[in-house]
Each structure stands twice: as C-alpha cells, then as structure tokens.
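**Student:** Data file final_36.pdb (PDB, C-alpha atoms) is appended below.
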```pdb
MODEL        1
ATOM      1  CA  MET A 215     -20.524  23.881  39.484
ATOM      2  CA  HIS A 216     -24.017  24.603  38.181
ATOM      3  CA  ALA A 217     -24.836  26.517  35.026
ATOM      4  CA  PRO A 218     -26.113  30.051  35.690
ATOM      5  CA  ILE A 219     -29.878  30.406  35.648
ATOM      6  CA  SER A 220     -32.413  33.137  34.987
ATOM      7  CA  VAL A 221     -35.128  33.764  37.553
ATOM      8  CA  ILE A 222     -38.477  35.082  36.313
ATOM      9  CA  ILE A 223     -40.730  36.546  38.990
ATOM     10  CA  PRO A 224     -44.354  37.371  38.192
ATOM     11  CA  ALA A 225     -45.512  40.172  40.479
ATOM     12  CA  ARG A 226     -48.796  41.909  41.107
ATOM     13  CA  ASP A 227     -49.115  44.612  43.759
ATOM     14  CA  GLU A 228     -45.854  43.515  45.409
ATOM     15  CA  ALA A 229     -44.336  46.971  46.003
ATOM     16  CA  GLU A 230     -43.661  46.211  49.672
ATOM     17  CA  THR A 231     -41.820  42.929  49.098
ATOM     18  CA  ILE A 232     -40.346  42.791  45.594
ATOM     19  CA  ALA A 233     -37.075  44.567  46.441
ATOM     20  CA  GLN A 234     -36.215  41.986  49.088
ATOM     21  CA  VAL A 235     -37.157  39.093  46.812
ATOM     22  CA  VAL A 236     -34.956  40.418  43.992
ATOM     23  CA  ALA A 237     -32.050  41.084  46.376
ATOM     24  CA  THR A 238     -32.299  37.555  47.750
ATOM     25  CA  MET A 239     -32.241  36.072  44.250
ATOM     26  CA  GLN A 240     -29.271  38.247  43.215
ATOM     27  CA  ASP A 241     -27.289  36.980  46.207
ATOM     28  CA  LEU A 242     -27.484  33.384  44.967
ATOM     29  CA  PRO A 243     -24.308  32.416  43.091
ATOM     30  CA  CYS A 244     -26.176  30.382  40.468
ATOM     31  CA  VAL A 245     -28.433  33.271  39.385
ATOM     32  CA  ALA A 246     -27.263  35.126  36.266
ATOM     33  CA  GLU A 247     -30.279  37.412  35.890
ATOM     34  CA  VAL A 248     -33.535  38.311  37.602
ATOM     35  CA  VAL A 249     -36.526  39.363  35.501
ATOM     36  CA  VAL A 250     -39.623  40.804  37.182
ATOM     37  CA  ILE A 251     -42.850  40.795  35.184
ATOM     38  CA  ASP A 252     -45.475  43.261  36.408
ATOM     39  CA  ASN A 253     -48.834  41.544  36.062
ATOM     40  CA  GLY A 254     -51.269  44.447  36.167
ATOM     41  CA  SER A 255     -50.342  46.162  39.427
ATOM     42  CA  THR A 256     -52.496  49.058  40.510
TER      43      THR A 256
ENDMDL
END
```
Would you mind writing the file out in structure tokens?
**Tutor:**
Amino acid sequence: MHAPISVIIPARDEAETIAQVVATMQDLPCVAEVVVIDNGST
C-alpha cells in the first residue's frame, strides 16, 4: 500500500476542464487531498 499523497494543480483559465481534472484525481485511491491554485485567471 502506498502512502496517501497531495495533488497540487496550478490552473489558469481552466474553467471548462478543472472540474473533471479534480474529479479524476479524487477517484484515485492514493490521493488524500487535491489543491487547486488559481494562477491569475481572467
């Protein structure tokens, strides 16, 4: 068994895709948390 990991996702103007990316990461058993960093979206 692997130790749980944190996933950090930098995002800029990703409104159309970020929900699916986060959902995919949350479905992975090794992921403990998902952090999205907004990098100056407009």
**Student:** Taking all atoms listed in the file into account, name the residue in A:Ser255, A:Val250, A:Val221, A:His216 that is nearest to A:Ala233.
**Tutor:** A:Val250
**Student:** Using only C-alpha atoms, which protein or nucleic acid residues come within 10 Å of A:Ser220? Drop anything in the same chain fewer than 5 positions from it, and give the result as a list in words.
**Tutor:**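 Result of the neighbour search: Met239, Cys244, Val245, Ala246, Glu247, Val248 and Val249 of chain A.
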**Student:** A:Pro218, A:Thr256, A:Thr231, A:Ile223: which is nearest A:Pro243, counting all atoms listed in the file?
**Tutor:** A:Pro218
**Student:** Just give me the gap between atom CA of A:Asp252 and atom CA of A:Ala225 in Å, one decimal is fine.
**Tutor:**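 Value for the atom CA of A:Asp252-atom CA of A:Ala225 distance: 5.1 Å.
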**Student:** So what do you get for atom CA of A:Ala217 versus atom CA of A:Asp241, distance-wise?
**Tutor:**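 That distance, rounded to one decimal, is 15.5 Å.
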**Student:** Mind working out the centre and edge lengths of an axis-aligned box for stretch 219-228 of chain A, all listed atoms inside, 5 Å added to each side, rounded to one decimal in Å and written as JSON?
**Tutor:**
```
{"center_x": -39.5, "center_y": 37.5, "center_z": 40.2, "size_x": 29.2, "size_y": 24.2, "size_z": 20.4}
```
